[in-house]
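The block underneath contains the structure these notes are about, expressed in structure tokens.
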Amino acid sequence: MEMPAYASPSWSHLYASPLLSPYDFIPENYVHWAQTPECHIFSADLPGVRKEEIRVEVEDSRYMIIRTEAAEESREPARSFMRKFRLPNLVDVNGISAGYEDGVLTVKVPRSLARRGFLIDPADVPERLEVLARAA
């Protein structure tokens, strides 16, 4: 009785699969986000788009919208683009600034200096605390 030879599957065709290396694929409306201690930075590649066609808007003080619109009614924008981001809690909405240079839009959203809640500085806490009330 002969046993059939087991042929191992060839996995070499999967190595070239884009599913295994998703970092090679960047979507068309990708916006890079980074943060520094002073601000959040959003940058988007918008080659071929005129500066007048780019709109950066804040909606309800919670959302930032980056989009392209036609500067003139008779003309379409060079590229259709729209992204909406929820802004972090502690940002200064009035201090948002944007710049467009060499086809790259950069939006800076500064962090707010006002903190919510309160902060206890460890230096202000005495080494020994007196208990004013005890649990029954």
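Residues in the structure tokens are numbered from 1 in each chain, the chains being A, B, ... in the order shown, and ligands are numbered from 1 in the order shown.
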
Legend entry - Shell of 6 Å around stretch 79-92 of chain A, only C-alpha atoms, local chain residues under 6 positions omitted, as a list in words: Arg62, Tyr63, Met64, Ile65, Ile66, Arg67, Thr68, Pro110, Arg111 and Ser112 of chain A

Output file for the selection above: N, CA, C and O atoms, as a CSV table (one decimal), in the first residue's frame:
```csv
chain,number,residue,atom,x,y,z
A,62,ARG,N,-15.2,71.3,18.7
A,62,ARG,CA,-14.8,69.9,19.0
A,62,ARG,C,-14.2,69.2,17.7
A,62,ARG,O,-13.5,68.2,17.9
A,63,TYR,N,-14.6,69.6,16.5
A,63,TYR,CA,-14.1,68.9,15.3
A,63,TYR,C,-13.4,69.9,14.4
A,63,TYR,O,-13.8,71.1,14.3
A,64,MET,N,-12.3,69.4,13.8
A,64,MET,CA,-11.6,70.1,12.8
A,64,MET,C,-11.8,69.4,11.4
A,64,MET,O,-11.7,68.2,11.3
A,65,ILE,N,-12.2,70.2,10.4
A,65,ILE,CA,-12.5,69.7,9.1
A,65,ILE,C,-11.5,70.3,8.1
A,65,ILE,O,-11.3,71.5,8.1
A,66,ILE,N,-10.8,69.4,7.4
A,66,ILE,CA,-9.9,69.9,6.3
A,66,ILE,C,-10.5,69.4,5.0
A,66,ILE,O,-10.8,68.2,4.8
A,67,ARG,N,-10.8,70.3,4.1
A,67,ARG,CA,-11.4,70.0,2.8
A,67,ARG,C,-10.9,70.9,1.7
A,67,ARG,O,-10.3,71.9,2.0
A,68,THR,N,-11.2,70.4,0.5
A,68,THR,CA,-10.9,71.3,-0.7
A,68,THR,C,-12.3,71.7,-1.3
A,68,THR,O,-13.2,70.9,-1.3
A,110,PRO,N,-2.7,74.4,18.9
A,110,PRO,CA,-1.9,74.5,20.2
A,110,PRO,C,-2.7,73.9,21.4
A,110,PRO,O,-3.9,73.9,21.4
A,111,ARG,N,-2.0,73.4,22.3
A,111,ARG,CA,-2.6,72.9,23.6
A,111,ARG,C,-3.0,74.0,24.4
A,111,ARG,O,-2.4,75.1,24.4
A,112,SER,N,-4.1,73.8,25.2
A,112,SER,CA,-4.6,74.9,26.1
A,112,SER,C,-3.7,74.9,27.3
A,112,SER,O,-3.4,73.8,27.9
```

Legend entry - Residue nearest A:Thr36 - candidates A:Ala98, A:Val104, A:Val56, A:Val109, atoms counted: only C-alpha atoms: A:Val109

Inset, instruction - Mind checking which residues fall within 10 Å of A:Glu72, counting only C-alpha atoms, ignoring those fewer than 3 positions away in the same chain, and posting them as a PyMOL selection string? - result: chain A and resi 52-53+69+75-77

Inset, instruction - Within 6 Å of A:His40, counting only C-alpha atoms, which residues show up once you throw out same-chain ones fewer than 5 positions away? Write them as a PyMOL selection string, please. - result: chain A and resi 34-35+108-109

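Of note, atom CA of A:Ser43 and atom CA of A:Tyr100 are spaced 9.5 Å apart.
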
Inset, instruction - Name all residues at most 8 Å from stretch 44-50 of chain A (count only C-alpha atoms; drop same-chain ones fewer than 3 positions away) and give them as a list in words. - result: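 Contacts, with the query itself left out: Asn29, Tyr30, Val31, His32, Glu53, Ile54, Pro77, Ala78, Arg79, Asp102, Gly103, Val104, Leu105 and Thr106 of chain A.
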
Inset, instruction - Can you work out the spacing between atom CA of A:Ile96 and atom CA of A:Glu59 in Å, to one decimal? - result: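 Atom CA of A:Ile96 sits 12.8 Å away from atom CA of A:Glu59.
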